[in-house]
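See below for the structure under consideration.
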Amino acid sequence: MQQPSEQPTWNNRGVFITGVDGRYWFTGIKPVSYPISDDGPMGEMLSALGRYPWRPAHMHFMLNHPQFERIVTHTFVAGDTYLMSASVFGVKDSLILEYSLQAHENTEWTADFDFYMTPQ
């Protein structure tokens, strides 16, 4: 965690165990864009590259299984203003998810994503 003095323990974090079929689901909050520090050398680099100090809305994942290669990745929210100018690179089309607003709630969104692990 990058702000341990400002963020509560386990803020937007969790550990989940899938069923034997590998299926998973969880309830969280829809990610939003946020700025990174743009002072000092980082600000100079971003300026030289013509980039904004904003990260597009995303969610981090780390998947572990003793018989498979570990996956460390993130997924992004489709339509985010900063997808194509991300200050931290790594946005790929295959990692951009469509979030769907649920009809019965004005605040409940869903997104689907399948992870594929490589055997060791």
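Residues are named by chain letter and number: chains run A, B, ... in the order of the structure tokens, numbers start at 1 in each chain, and ligands are numbered from 1 in the order shown.
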
Those in chain A with strand (DSSP E or B) from DSSP, as a PDB file with C-alpha atoms, in the first residue's frame:
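Output file states15.pdb is given in full below:
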ATOM      1  CA  TYR A  34      -6.759   9.277  -9.604  1.00  0.00           C
ATOM      2  CA  PRO A  35      -3.635  11.436  -9.913  1.00  0.00           C
ATOM      3  CA  TRP A  54      -3.558  10.613 -13.889  1.00  0.00           C
ATOM      4  CA  ARG A  55      -4.033   6.863 -13.685  1.00  0.00           C
ATOM      5  CA  HIS A  58      -8.295   0.242 -12.573  1.00  0.00           C
ATOM      6  CA  MET A  59      -8.254  -2.690 -10.190  1.00  0.00           C
ATOM      7  CA  HIS A  60      -5.171  -4.772  -9.286  1.00  0.00           C
ATOM      8  CA  PHE A  61      -5.118  -8.562  -9.134  1.00  0.00           C
ATOM      9  CA  MET A  62      -2.574 -11.138  -7.999  1.00  0.00           C
ATOM     10  CA  LEU A  63      -3.505 -14.785  -8.571  1.00  0.00           C
ATOM     11  CA  PHE A  68       0.446 -22.460 -12.040  1.00  0.00           C
ATOM     12  CA  ILE A  71      -0.436 -13.642 -12.406  1.00  0.00           C
ATOM     13  CA  VAL A  72       0.032  -9.996 -11.391  1.00  0.00           C
ATOM     14  CA  THR A  73      -2.074  -7.649 -13.493  1.00  0.00           C
ATOM     15  CA  HIS A  74      -4.762  -5.014 -13.460  1.00  0.00           C
ATOM     16  CA  THR A  75      -8.006  -4.398 -15.311  1.00  0.00           C
ATOM     17  CA  PHE A  76      -9.296  -1.037 -16.486  1.00  0.00           C
ATOM     18  CA  VAL A  77     -12.718   0.595 -16.772  1.00  0.00           C
ATOM     19  CA  ILE A  96     -10.316  -3.089 -20.499  1.00  0.00           C
ATOM     20  CA  LEU A  97     -13.680  -4.123 -19.037  1.00  0.00           C
ATOM     21  CA  SER A 100     -22.797  -2.540 -16.703  1.00  0.00           C
ATOM     22  CA  LEU A 101     -25.121  -0.538 -14.480  1.00  0.00           C
ATOM     23  CA  TRP A 109     -22.262  -2.192 -11.454  1.00  0.00           C
ATOM     24  CA  THR A 110     -21.002  -5.542 -12.734  1.00  0.00           C
ATOM     25  CA  PRO A 119       0.819 -24.464 -15.696  1.00  0.00           C
TER      26      PRO A 119
END

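When only C-alpha atoms are used to compute distances to Tyr52 of chain A, the closest of the residues A:Gln67, A:Thr81, A:Asn12, A:Asn106 turns out to be A:Thr81.
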
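With only C-alpha atoms taken into account, the protein and nucleic acid residues at most 12 Å from Arg13 of chain A (excluding it and anything under 3 positions from it in its own chain) are Met1, Gln7, Pro8, Thr9, Trp10, Phe16, Phe26, Thr27, Gly28, Ile29, Met59, His60, Phe61 and Met62 of chain A.
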
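With only C-alpha atoms as the atoms that count, the minimum distance from Asp112 of chain A to the choices A:Met84, A:Leu46, A:Ala78, A:Tyr99 is reached by A:Tyr99.
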
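Residues within 12 Å of Met42 of chain A, counting only C-alpha atoms and excluding same-chain residues fewer than 3 positions away, are Ile36, Ser37, Asp38, Asp39, Met45, Leu46, Ser47, Ala48, Leu49, Arg51, Tyr52, Pro53, Ser87 and Val88 of chain A.
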
Length of the atom CA of Gly22 of chain A to atom CA of Asp93 of chain A vector [Å]
23.5 Å
